[in-house]
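To keep things clear, I will list the structure first and then write my remarks on it.
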Amino acid sequence: MTEHRNKLLAAGALLAGGLLLFDRLVYSNLSENWREQSAHMSELREQLARGNSLLDRKDTLHEKWETVSQNTLPNDAARAEDTALLATARWVQNSGVTVTSLTPRWREHDEDFSTLDCRATLSGNLGSLTRFLNELENDPLAVRLESAVLATRNESGSMLTLDVLFSVLRLSGGENPASRRR
(Lines give C-alpha, C1' and ligand atoms only; values in the text may rest on other atoms or scores of the structure.)
Protein backbone atom coordinates (compact mmCIF):
# COMPACT_ATOMS: atom_id res chain seq x y z
CA MET A 1 0.00 0.00 0.00
CA THR A 2 2.75 2.39 0.90
CA GLU A 3 4.56 1.52 -2.27
CA HIS A 4 1.44 2.30 -4.32
CA ARG A 5 0.98 5.52 -2.35
CA ASN A 6 4.62 6.51 -2.95
CA LYS A 7 4.17 5.89 -6.67
CA LEU A 8 1.04 8.08 -6.66
CA LEU A 9 2.83 10.82 -4.73
CA ALA A 10 5.81 10.62 -7.08
CA ALA A 11 3.50 10.74 -10.11
CA GLY A 12 1.62 13.68 -8.59
CA ALA A 13 4.88 15.50 -7.84
CA LEU A 14 6.10 14.87 -11.39
CA LEU A 15 2.77 16.05 -12.78
CA ALA A 16 2.83 19.20 -10.61
CA GLY A 17 6.46 19.87 -11.59
CA GLY A 18 5.63 19.28 -15.25
CA LEU A 19 2.64 21.65 -15.05
CA LEU A 20 4.77 24.30 -13.35
CA LEU A 21 7.48 23.90 -15.99
CA PHE A 22 4.84 24.02 -18.75
CA ASP A 23 3.38 27.18 -17.22
CA ARG A 24 6.75 28.91 -16.86
CA LEU A 25 8.27 27.90 -20.19
CA VAL A 26 5.42 27.44 -22.62
CA TYR A 27 2.13 28.90 -21.47
CA SER A 28 3.57 32.22 -20.16
CA ASN A 29 5.47 32.83 -23.40
CA LEU A 30 2.48 31.88 -25.52
CA SER A 31 0.10 34.12 -23.59
CA GLU A 32 2.60 37.01 -23.74
CA ASN A 33 2.94 36.56 -27.50
CA TRP A 34 -0.84 36.31 -27.80
CA ARG A 35 -1.30 39.65 -25.98
CA GLU A 36 1.37 41.34 -28.12
CA GLN A 37 -0.16 40.00 -31.33
CA SER A 38 -3.64 41.09 -30.22
CA ALA A 39 -2.39 44.60 -29.48
CA HIS A 40 -0.56 44.72 -32.81
CA MET A 41 -3.66 43.50 -34.69
CA SER A 42 -5.79 46.09 -32.92
CA GLU A 43 -3.34 48.81 -33.97
CA LEU A 44 -3.39 47.53 -37.55
CA ARG A 45 -7.20 47.54 -37.55
CA GLU A 46 -7.19 51.19 -36.43
CA GLN A 47 -4.69 52.10 -39.16
CA LEU A 48 -6.80 50.27 -41.72
CA ALA A 49 -9.93 52.12 -40.57
CA ARG A 50 -8.10 55.48 -40.84
CA GLY A 51 -6.83 54.53 -44.29
CA ASN A 52 -10.30 53.51 -45.45
CA SER A 53 -11.71 56.76 -44.06
CA LEU A 54 -9.13 58.72 -46.05
CA LEU A 55 -9.96 56.74 -49.18
CA ASP A 56 -13.66 57.43 -48.67
CA ARG A 57 -12.93 61.16 -48.41
CA LYS A 58 -10.28 61.19 -51.15
CA ASP A 59 -12.23 63.30 -53.64
CA THR A 60 -13.26 65.86 -51.03
CA LEU A 61 -9.71 66.11 -49.69
CA HIS A 62 -8.29 66.55 -53.20
CA GLU A 63 -10.81 69.32 -53.92
CA LYS A 64 -9.94 71.10 -50.66
CA TRP A 65 -6.22 70.80 -51.34
CA GLU A 66 -6.69 72.11 -54.88
CA THR A 67 -8.60 75.12 -53.54
CA VAL A 68 -6.01 75.83 -50.85
CA SER A 69 -3.00 75.35 -53.12
CA GLN A 70 -4.46 77.70 -55.74
CA ASN A 71 -5.05 80.44 -53.16
CA THR A 72 -1.67 80.67 -51.46
CA LEU A 73 0.66 83.64 -51.43
CA PRO A 74 3.09 84.26 -54.31
CA ASN A 75 6.70 83.12 -53.84
CA ASP A 76 8.05 86.68 -54.07
CA ALA A 77 8.09 87.99 -50.48
CA ALA A 78 7.15 91.58 -51.39
CA ARG A 79 4.21 90.50 -53.55
CA ALA A 80 3.17 88.00 -50.89
CA GLU A 81 3.11 90.64 -48.17
CA ASP A 82 1.23 92.99 -50.49
CA THR A 83 -1.36 90.28 -51.19
CA ALA A 84 -1.86 89.59 -47.47
CA LEU A 85 -2.05 93.28 -46.56
CA LEU A 86 -4.54 93.99 -49.36
CA ALA A 87 -6.71 91.12 -48.12
CA THR A 88 -6.50 92.49 -44.57
CA ALA A 89 -7.45 95.97 -45.81
CA ARG A 90 -10.44 94.43 -47.62
CA TRP A 91 -11.57 92.66 -44.42
CA VAL A 92 -11.16 95.88 -42.42
CA GLN A 93 -13.12 97.92 -44.97
CA ASN A 94 -15.94 95.37 -45.26
CA SER A 95 -16.28 95.00 -41.49
CA GLY A 96 -15.86 98.60 -40.36
CA VAL A 97 -13.24 97.92 -37.67
CA THR A 98 -10.33 100.21 -36.88
CA VAL A 99 -6.79 98.83 -37.05
CA THR A 100 -4.64 99.91 -34.12
CA SER A 101 -1.62 97.84 -35.13
CA LEU A 102 -0.68 95.26 -37.73
CA THR A 103 2.63 93.37 -37.64
CA PRO A 104 3.46 90.79 -40.33
CA ARG A 105 6.31 88.31 -39.77
CA TRP A 106 7.56 85.48 -41.95
CA ARG A 107 7.91 82.03 -40.43
CA GLU A 108 9.69 79.23 -42.31
CA HIS A 109 8.25 75.80 -41.46
CA ASP A 110 10.25 73.58 -43.79
CA GLU A 111 11.34 73.56 -47.41
CA ASP A 112 7.77 72.97 -48.62
CA PHE A 113 5.96 75.94 -47.12
CA SER A 114 6.15 79.09 -45.03
CA THR A 115 3.54 81.36 -43.50
CA LEU A 116 3.15 85.08 -43.11
CA ASP A 117 1.99 85.44 -39.51
CA CYS A 118 0.10 88.68 -38.95
CA ARG A 119 -0.65 89.99 -35.48
CA ALA A 120 -3.30 92.70 -35.46
CA THR A 121 -5.06 94.76 -32.82
CA LEU A 122 -8.50 95.91 -33.92
CA SER A 123 -11.16 97.99 -32.25
CA GLY A 124 -14.87 98.31 -32.84
CA ASN A 125 -18.19 97.05 -31.60
CA LEU A 126 -19.12 93.38 -31.35
CA GLY A 127 -20.85 93.35 -34.74
CA SER A 128 -17.92 94.85 -36.65
CA LEU A 129 -15.37 92.58 -34.98
CA THR A 130 -17.54 89.56 -35.76
CA ARG A 131 -17.81 90.69 -39.39
CA PHE A 132 -14.00 90.99 -39.54
CA LEU A 133 -13.57 87.41 -38.31
CA ASN A 134 -16.21 86.25 -40.77
CA GLU A 135 -14.43 88.04 -43.65
CA LEU A 136 -11.12 86.48 -42.63
CA GLU A 137 -12.55 82.96 -42.34
CA ASN A 138 -14.48 83.11 -45.64
CA ASP A 139 -11.77 84.69 -47.80
CA PRO A 140 -10.54 82.39 -50.59
CA LEU A 141 -6.96 83.20 -49.56
CA ALA A 142 -5.31 80.30 -47.70
CA VAL A 143 -5.58 81.99 -44.29
CA ARG A 144 -6.02 80.47 -40.84
CA LEU A 145 -7.04 82.17 -37.63
CA GLU A 146 -4.50 81.10 -35.00
CA SER A 147 -5.78 83.01 -31.97
CA ALA A 148 -8.20 85.75 -30.96
CA VAL A 149 -8.48 87.62 -27.67
CA LEU A 150 -11.41 89.95 -27.03
CA ALA A 151 -11.29 92.73 -24.41
CA THR A 152 -13.57 95.63 -23.52
CA ARG A 153 -12.40 99.24 -23.69
CA ASN A 154 -15.19 100.86 -21.69
CA GLU A 155 -17.53 100.15 -18.78
CA SER A 156 -20.56 99.40 -20.94
CA GLY A 157 -18.69 96.97 -23.19
CA SER A 158 -19.75 98.75 -26.36
CA MET A 159 -16.17 99.42 -27.51
CA LEU A 160 -14.08 96.28 -27.81
CA THR A 161 -10.51 95.42 -28.73
CA LEU A 162 -9.68 92.24 -30.62
CA ASP A 163 -6.11 90.93 -30.74
CA VAL A 164 -5.81 88.39 -33.54
CA LEU A 165 -3.05 86.26 -34.96
CA PHE A 166 -3.66 84.81 -38.42
CA SER A 167 -1.37 82.97 -40.81
CA VAL A 168 -1.38 83.08 -44.59
CA LEU A 169 0.12 80.12 -46.44
CA ARG A 170 2.90 80.31 -49.04
CA LEU A 171 3.87 77.06 -50.76
CA SER A 172 7.39 76.67 -52.08
CA GLY A 173 7.82 75.78 -55.70
CA GLY A 174 5.93 77.03 -58.71
CA GLU A 175 4.04 80.29 -58.86
CA ASN A 176 0.30 79.96 -58.27
CA PRO A 177 -1.83 81.57 -61.01
CA ALA A 178 -4.51 82.49 -58.48
CA SER A 179 -2.04 84.45 -56.35
CA ARG A 180 -0.99 86.59 -59.35
CA ARG A 181 -4.60 87.79 -59.79
CA ARG A 182 -4.73 89.50 -56.39
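Ordering of the C-alpha coordinates sets the chain letters (A, B, ...); residue numbers start at 1 within each chain; ligands are numbered from 1 in the order shown.
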
Write out as a ChimeraX atom specification each polymer residue whose atoms come within 12 Å of A:Thr83, counting only C-alpha atoms; drop sequence neighbours fewer than 2 positions from it. /A:71-81,85-90,104,116,141-143,168-170,178-182

Just the helix (DSSP H, G or I) stuff from chain A, please, per backbone DSSP, written as a ChimeraX atom specification. /A:2-56,58-70,77-95,126-138,177-180

Looking at only C-alpha atoms, which of A:Asn125, A:Thr100, A:Asn138, A:Leu30 is the one that sits closest to A:Asn154?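 Nearest to A:Asn154: A:Asn125.
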
Apply DSSP to the structure's backbone, then extract all residues of stretch 29-174 of chain A labelled strand (DSSP E or B) and return them as a PyMOL selection string. chain A and resi 98-110+113-124+143-152+160-171

Excluding same-chain residues fewer than 5 positions from A:Asp110, what lies within 12 Å of it counting only C-alpha atoms, as an MDAnalysis selection string? chainID A and resid 115 170:172

Would you please work out which residue, of A:Asn52, A:Gln70, A:Ser156, A:Gln93, is nearest to A:Pro140 when using only C-alpha atoms? A:Gln70

Which residues are close to A:Thr121, i.e. within 7 Å by only C-alpha atoms, leaving aside same-chain residues fewer than 5 positions away? Reply as a PDB file with N, CA and C atoms, in the first residue's frame.
ATOM      1  N   VAL A  99      -8.030  99.541 -37.316  1.00  0.00           N
ATOM      2  CA  VAL A  99      -6.786  98.829 -37.051  1.00  0.00           C
ATOM      3  C   VAL A  99      -5.901  99.708 -36.176  1.00  0.00           C
ATOM      4  N   THR A 100      -5.556  99.204 -35.009  1.00  0.00           N
ATOM      5  CA  THR A 100      -4.642  99.908 -34.118  1.00  0.00           C
ATOM      6  C   THR A 100      -3.204  99.547 -34.440  1.00  0.00           C
ATOM      7  N   SER A 101      -2.967  98.272 -34.721  1.00  0.00           N
ATOM      8  CA  SER A 101      -1.623  97.838 -35.126  1.00  0.00           C
ATOM      9  C   SER A 101      -1.735  96.587 -35.984  1.00  0.00           C
ATOM     10  N   LEU A 102      -0.750  96.437 -36.863  1.00  0.00           N
ATOM     11  CA  LEU A 102      -0.678  95.259 -37.732  1.00  0.00           C
ATOM     12  C   LEU A 102       0.800  94.955 -37.948  1.00  0.00           C
ATOM     13  N   THR A 161     -11.791  95.610 -28.058  1.00  0.00           N
ATOM     14  CA  THR A 161     -10.514  95.425 -28.732  1.00  0.00           C
ATOM     15  C   THR A 161     -10.340  93.938 -29.011  1.00  0.00           C
ATOM     16  N   LEU A 162      -9.911  93.631 -30.219  1.00  0.00           N
ATOM     17  CA  LEU A 162      -9.676  92.241 -30.616  1.00  0.00           C
ATOM     18  C   LEU A 162      -8.223  92.107 -31.042  1.00  0.00           C
ATOM     19  N   ASP A 163      -7.481  91.259 -30.349  1.00  0.00           N
ATOM     20  CA  ASP A 163      -6.110  90.926 -30.745  1.00  0.00           C
ATOM     21  C   ASP A 163      -6.173  89.599 -31.484  1.00  0.00           C
ATOM     22  N   VAL A 164      -5.761  89.606 -32.737  1.00  0.00           N
ATOM     23  CA  VAL A 164      -5.813  88.387 -33.544  1.00  0.00           C
ATOM     24  C   VAL A 164      -4.432  88.043 -34.077  1.00  0.00           C
TER      25      VAL A 164
END
